[in-house]
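Below is one structure; the comments refer to it alone.
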Amino acid sequence: RPPAGPRARRPGCATAGATAVQRYGQGGRVVLHMGCLAEQALDDTCIAKHALLLAHDRNLFAVVVRSLEESQNDKAAARLLGAFRGHVWEAVQCAHASRVLEAGITRLRPADCRFIAQEILEAPVAPNGPAVAARLLSGSRVLQHIVEMFEAAEIETLVSALLAEAASLARDHFGRCALQHVLEYGTEVQRRRLTESLAAQAATLCHEGQAGALLATALRCAPEESRDRLAAAVMAVPSVLPRLSRTRRGHSLPLALVEGVAGPAVAQAAVQELLKHAPALRGGRFGRRVMAPYWPTLKKGICGGA
């Protein structure tokens with residue numbers, strides 16, 4: 001039997017490969033090798049068909065994101081995102097697939113992606129799905145998009161689940177990011193409830209020194225009564241302002257107090273406390289940032305700081 005010659009190319013493979021690579025980069029060629037398409041260009045229909053598989057691949061999830069963002073209309077985008085129905089919790093835990101969920105929440109109307117919030121809420125994990133998701137980098141980012149883009153009434157149950165675990169989430173790096181979005185975009189009732197929870201554990205959060213941005217956001221966004229209670233709780237912690245002023249994650253709290261977000265009386269008390277430690281604060285860039293308005297006065301020796 002004569003030796004077999006080179007395997008003939010299937011018609012259209014070269015054209016399809018060129019089209020895919022031109023539109024989607026190297027990821028397009030990989031998709032063709034997976035057998036998704038052999039004789040036609042990589043179009044949105046094919047991507048929608050295999051969206052769930054592609055989204056979990058670190059090299060291919062960008063193909064799905066780009067297709068979602070460039071969809072011709074909401075119907076096409078909703079069809080693509082619909083591939084994640086029943087698989088949202090799996091996607092939330094994936095660093096790559098979660099980016100597709102974020103793009104879908106930003107691209108579509110809340111009515112078309114409400115199932116994402118619902119499946120997170122119904123996730124069979126303890127203590128509850130939103131609280132577990134908030135402790136993940138990928139999950140926290142998805143929750144931040146949901147809180148920002150959805151109407152408050154649509155996600156009231158989801159936010160309530162977060163607030164139920166506010167005491168523990170406030171001590172978690174990614175959890176704090178989700179709570180900050182609740183303070184910025186939540187209802188007045190939600191902001192008050194969260195601020196009251198933070199005030200109750202202000203001493204612990206201040207000593208840990210990692211929640212400065214969260215407490216500062218609460219002071220700026222909370223209703224007046226809750227804000228004053230939180231400010232009083234922070235000021236009652238001995239020597240907390242000078243210590244936080246020297247750290248990257250903590251200095252935003254004394255900066256907010258000095259700027260007067262909690263009222264002039266609290267601002268004056270905060271300044272007087274910080275002026276006692278002016279020489280030490282001058283040695284660090286964050287301390288200098290907090291005390292920037294007062295350096296000219298200190299240089300003249302009026303306040304006795306230098």
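Following the order of the structure tokens, chains are lettered A, B, ..., residues in each are numbered from 1, and ligands are numbered from 1.
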Requested in this report: Can you pull out every residue within 9 Å of stretch 117-125 of chain A, counting only C-alpha atoms, but drop anything in the same chain fewer than 3 positions away, and send it as a ChimeraX atom specification?
Outcome: /A:85-89,92,113-114,128-130,132-133,143,146,155,157-158,161
I'd like the neighbourhood of A:Glu225 as a PDB file with C-alpha atoms, in the first residue's frame, where a residue qualifies if any of its atoms comes within 10 Å (using only C-alpha atoms), though same-chain residues fewer than 4 positions away should be ignored.
ATOM      1  CA  ARG A 192     -27.834  53.213  59.565  1.00  0.00           C
ATOM      2  CA  THR A 195     -22.997  52.036  60.897  1.00  0.00           C
ATOM      3  CA  GLU A 196     -24.530  50.985  64.211  1.00  0.00           C
ATOM      4  CA  ARG A 229     -22.322  57.613  67.518  1.00  0.00           C
ATOM      5  CA  LEU A 230     -19.571  56.060  65.406  1.00  0.00           C
TER       6      LEU A 230
END
Query raised in the report: Which neighbours of stretch 56-71 of chain A fall inside 6 Å, counting only C-alpha atoms, when residues of the same chain fewer than 6 positions from it are skipped, and could you give them as a list in words?
Result: Gly27, Ala77, His96, Ala97 and Val100 of chain A
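Between atom CA of A:Arg141 and atom CA of A:His50 lies a distance of 23.7 Å.
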Report task. For atom CA of A:Leu81 and atom CA of A:Gln180, determine how far apart the two atoms are, in Å to one decimal place. Result -> 27.0 Å
**Report entry** Residues within 8 Å of A:Leu183, only C-alpha atoms, excluding chain neighbours under 6 positions, as a VMD selection string
**Finding:** chain A and resid 190 to 191 194 217 to 218 221 to 222
With N, CA and C atoms retained, write the just-selected residues as a PDB file, in the first residue's frame.
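See selection.pdb below for the written result:
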ATOM      1  N   GLN A 190     -30.367  50.826  55.571  1.00  0.00           N
ATOM      2  CA  GLN A 190     -29.229  49.911  55.495  1.00  0.00           C
ATOM      3  C   GLN A 190     -27.948  50.583  55.980  1.00  0.00           C
ATOM      4  N   ARG A 191     -27.755  51.838  55.609  1.00  0.00           N
ATOM      5  CA  ARG A 191     -26.558  52.554  56.061  1.00  0.00           C
ATOM      6  C   ARG A 191     -26.570  52.741  57.571  1.00  0.00           C
ATOM      7  N   LEU A 194     -25.801  49.321  59.291  1.00  0.00           N
ATOM      8  CA  LEU A 194     -24.398  48.947  59.178  1.00  0.00           C
ATOM      9  C   LEU A 194     -23.522  49.838  60.049  1.00  0.00           C
ATOM     10  N   THR A 217     -15.651  55.698  55.325  1.00  0.00           N
ATOM     11  CA  THR A 217     -16.808  55.711  54.428  1.00  0.00           C
ATOM     12  C   THR A 217     -18.105  55.789  55.221  1.00  0.00           C
ATOM     13  N   ALA A 218     -18.158  55.079  56.343  1.00  0.00           N
ATOM     14  CA  ALA A 218     -19.350  55.136  57.190  1.00  0.00           C
ATOM     15  C   ALA A 218     -19.565  56.546  57.730  1.00  0.00           C
ATOM     16  N   CYS A 221     -21.011  58.653  54.844  1.00  0.00           N
ATOM     17  CA  CYS A 221     -22.274  58.259  54.209  1.00  0.00           C
ATOM     18  C   CYS A 221     -23.419  58.009  55.185  1.00  0.00           C
ATOM     19  N   ALA A 222     -23.124  57.812  56.449  1.00  0.00           N
ATOM     20  CA  ALA A 222     -24.164  57.411  57.398  1.00  0.00           C
ATOM     21  C   ALA A 222     -25.078  58.576  57.751  1.00  0.00           C
TER      22      ALA A 222
END
**Report entry** A:Ala267 surroundings by only C-alpha atoms, 12 Å radius, close-in-sequence under 2 positions cut, as a VMD selection string
**Finding:** chain A and resid 228 231 to 232 235 241 253 to 265 269 to 274
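For the set A:Leu163, A:Ala178, A:Ala211, A:Ala134, the residue with the smallest atom-to-atom gap to A:Glu148 is A:Ala178, counting only C-alpha atoms.
The smallest atom-to-atom distance between A:Leu219 and any of A:Val234, A:Ala55, A:Leu137, A:Leu205, using only C-alpha atoms, is found for A:Val234.
Between A:Phe174 and the residues A:Thr204, A:Thr187, A:Ser160, A:Ser138, the shortest atom-to-atom distance, using only C-alpha atoms, involves A:Ser138.
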Report summary line: Among A:Glu224, A:Glu208, A:Glu154, A:Glu90, A:Asp172 is approached most closely, using only C-alpha atoms, by A:Glu208
Report task. Using only C-alpha atoms, find the one residue out of A:Ala170, A:Cys94, A:Ala280, A:Leu214 that sits nearest to A:Gly250. Result -> A:Leu214
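The space between atom CA of A:Ala103 and atom CA of A:Ser168 spans 28.5 Å.
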